[in-house]
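Undergrad: I'd like to ask you about the structure that follows.
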Amino acid sequence: AVRNRHEAVVKLLLATGRVDVNLEDLLGQTPLLLAVRNRHEAVVKLLLATCRVNVDLEKPLLSAARNGHEAVVKLLLATGRVDVDSNDRYGQTPLSLAAKGGHKAVVKLLLATGRVDVDSNDRYGQTPLSLAAKGGHEAVVKLL
């Protein structure tokens, strides 16, 4: 239901209390991660509203930051349950990924938490600033 953007069906399923909201598909994707990747803000809200959602929200935050999903990043940060300095297999943090993509609004949101390491290095020694500069993202460079 999440994959196919059936918001009403997701709502009904959650109301039953009989679904595993943390169940992973064959690719290791949870319903929350799928909703984030598909930019389905309403379903993200529904899933976050249930106390049964796994608090390990790093993958969705990384995905939302990488893709510049400002509204979803706001929702995830508002839970207070995300590690804003989590990293992917290359050591890139949400800030690194947002800076690399030139997503100024997401960079602002992450910086506003006061909990990000602006000088973090990935596996290749790149920082959010160097990634933004490499991509020619002047507005993000100014923020960092």
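Chain labels follow the order of the structure tokens: the first chain is A, the next B, and so on; residue numbering restarts at 1 in every chain, and ligands are counted from 1 in their shown order.
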Residues near A:Val53, anyone? I mean within 7 Å using only C-alpha atoms, not counting same-chain ones fewer than 5 positions away, as a VMD selection string.
TA: chain A and resid 21 to 22 47 to 48
Undergrad: Show me a table, sorted first by chain and then by increasing residue number, of the residues of stretch 98-122 of chain A having an atom at most 12 Å from stretch 137-141 of chain A, each with its shortest atom pair and the distance in Å to one decimal, counting only C-alpha atoms and written as a Markdown table.
TA:
| residue | atom | partner | partner_atom | distance |
| --- | --- | --- | --- | --- |
| A:Ala98 | CA | A:Val140 | CA | 9.0 |
| A:Ala99 | CA | A:Val140 | CA | 6.3 |
| A:Lys100 | CA | A:His137 | CA | 8.0 |
| A:Gly101 | CA | A:His137 | CA | 8.0 |
| A:Gly102 | CA | A:His137 | CA | 5.2 |
| A:His103 | CA | A:Val140 | CA | 7.4 |
| A:Lys104 | CA | A:Val140 | CA | 5.4 |
| A:Ala105 | CA | A:Val140 | CA | 9.0 |
| A:Val106 | CA | A:Val140 | CA | 9.8 |
| A:Val107 | CA | A:Val140 | CA | 7.3 |
| A:Lys108 | CA | A:Val140 | CA | 8.7 |
| A:Leu111 | CA | A:Val140 | CA | 11.2 |
| A:Val118 | CA | A:Val141 | CA | 11.4 |
Undergrad: The selected residues should be written to file as a tab-separated table (two decimals), in the first residue's frame (atoms: N, CA and C atoms).
TA:
chain	number	residue	atom	x	y	z
A	98	ALA	N	23.07	16.54	1.65
A	98	ALA	CA	22.30	17.73	1.27
A	98	ALA	C	23.22	18.77	0.63
A	99	ALA	N	24.41	18.94	1.19
A	99	ALA	CA	25.38	19.90	0.64
A	99	ALA	C	25.82	19.47	-0.76
A	100	LYS	N	26.09	18.20	-0.91
A	100	LYS	CA	26.52	17.65	-2.21
A	100	LYS	C	25.47	17.89	-3.29
A	101	GLY	N	24.19	17.78	-2.90
A	101	GLY	CA	23.10	17.97	-3.86
A	101	GLY	C	22.67	19.42	-4.02
A	102	GLY	N	23.26	20.32	-3.23
A	102	GLY	CA	22.89	21.73	-3.33
A	102	GLY	C	21.53	22.04	-2.74
A	103	HIS	N	21.10	21.24	-1.78
A	103	HIS	CA	19.77	21.41	-1.19
A	103	HIS	C	19.85	22.38	0.00
A	104	LYS	N	19.84	23.67	-0.33
A	104	LYS	CA	20.03	24.74	0.65
A	104	LYS	C	19.04	24.66	1.81
A	105	ALA	N	17.77	24.46	1.52
A	105	ALA	CA	16.76	24.43	2.59
A	105	ALA	C	17.01	23.29	3.56
A	106	VAL	N	17.42	22.14	3.05
A	106	VAL	CA	17.70	20.99	3.92
A	106	VAL	C	18.96	21.26	4.74
A	107	VAL	N	19.96	21.86	4.12
A	107	VAL	CA	21.19	22.21	4.85
A	107	VAL	C	20.83	23.14	6.01
A	108	LYS	N	19.99	24.14	5.76
A	108	LYS	CA	19.56	25.07	6.81
A	108	LYS	C	18.88	24.34	7.96
A	111	LEU	N	21.51	22.36	9.96
A	111	LEU	CA	22.35	23.27	10.74
A	111	LEU	C	21.59	23.83	11.94
A	118	VAL	N	29.72	19.99	11.19
A	118	VAL	CA	29.89	20.60	9.87
A	118	VAL	C	31.24	20.25	9.25
Undergrad: Taking into account only C-alpha atoms, which residue in the set A:Ala132, A:Leu143, A:Leu61, A:Ala15 is nearest to A:Arg81?
TA: A:Leu61
Undergrad: Just the residues within 12 Å of A:Ala78, please, counting only C-alpha atoms, with nothing from its chain fewer than 3 positions along; format it as a ChimeraX atom specification.
TA: /A:45,48-49,57,61,71-75,81-84,109-110,113
Undergrad: If you run DSSP on the backbone here, which positions in chain A get helix (DSSP H, G or I)? Please write them as JSON, numbers by chain.
TA: {"A": [7, 8, 9, 10, 11, 12, 13, 14, 15, 16, 31, 32, 33, 34, 35, 36, 37, 41, 42, 43, 44, 45, 46, 47, 48, 49, 58, 59, 60, 61, 62, 63, 64, 65, 66, 70, 71, 72, 73, 74, 75, 76, 77, 78, 94, 95, 96, 97, 98, 99, 100, 101, 104, 105, 106, 107, 108, 109, 110, 111, 112, 128, 129, 130, 131, 132, 133, 134, 138, 139, 140, 141, 142, 143]}
Undergrad: I'd like the contact shell of A:Leu131 - 8 Å cut-off, only C-alpha atoms, skipping same-chain residues fewer than 3 positions apart - returned as number ranges by chain.
TA: A: 96, 99-100, 126-128, 134-135
Undergrad: Compile the contact shell of A:Asp122 as a list in words: residues with an atom at most 6 Å away, counting only C-alpha atoms, same-chain residues fewer than 3 positions apart removed.
TA: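 Residues meeting the cut-off are Gly91, Gln92, Gly125 and Gln126 of chain A.
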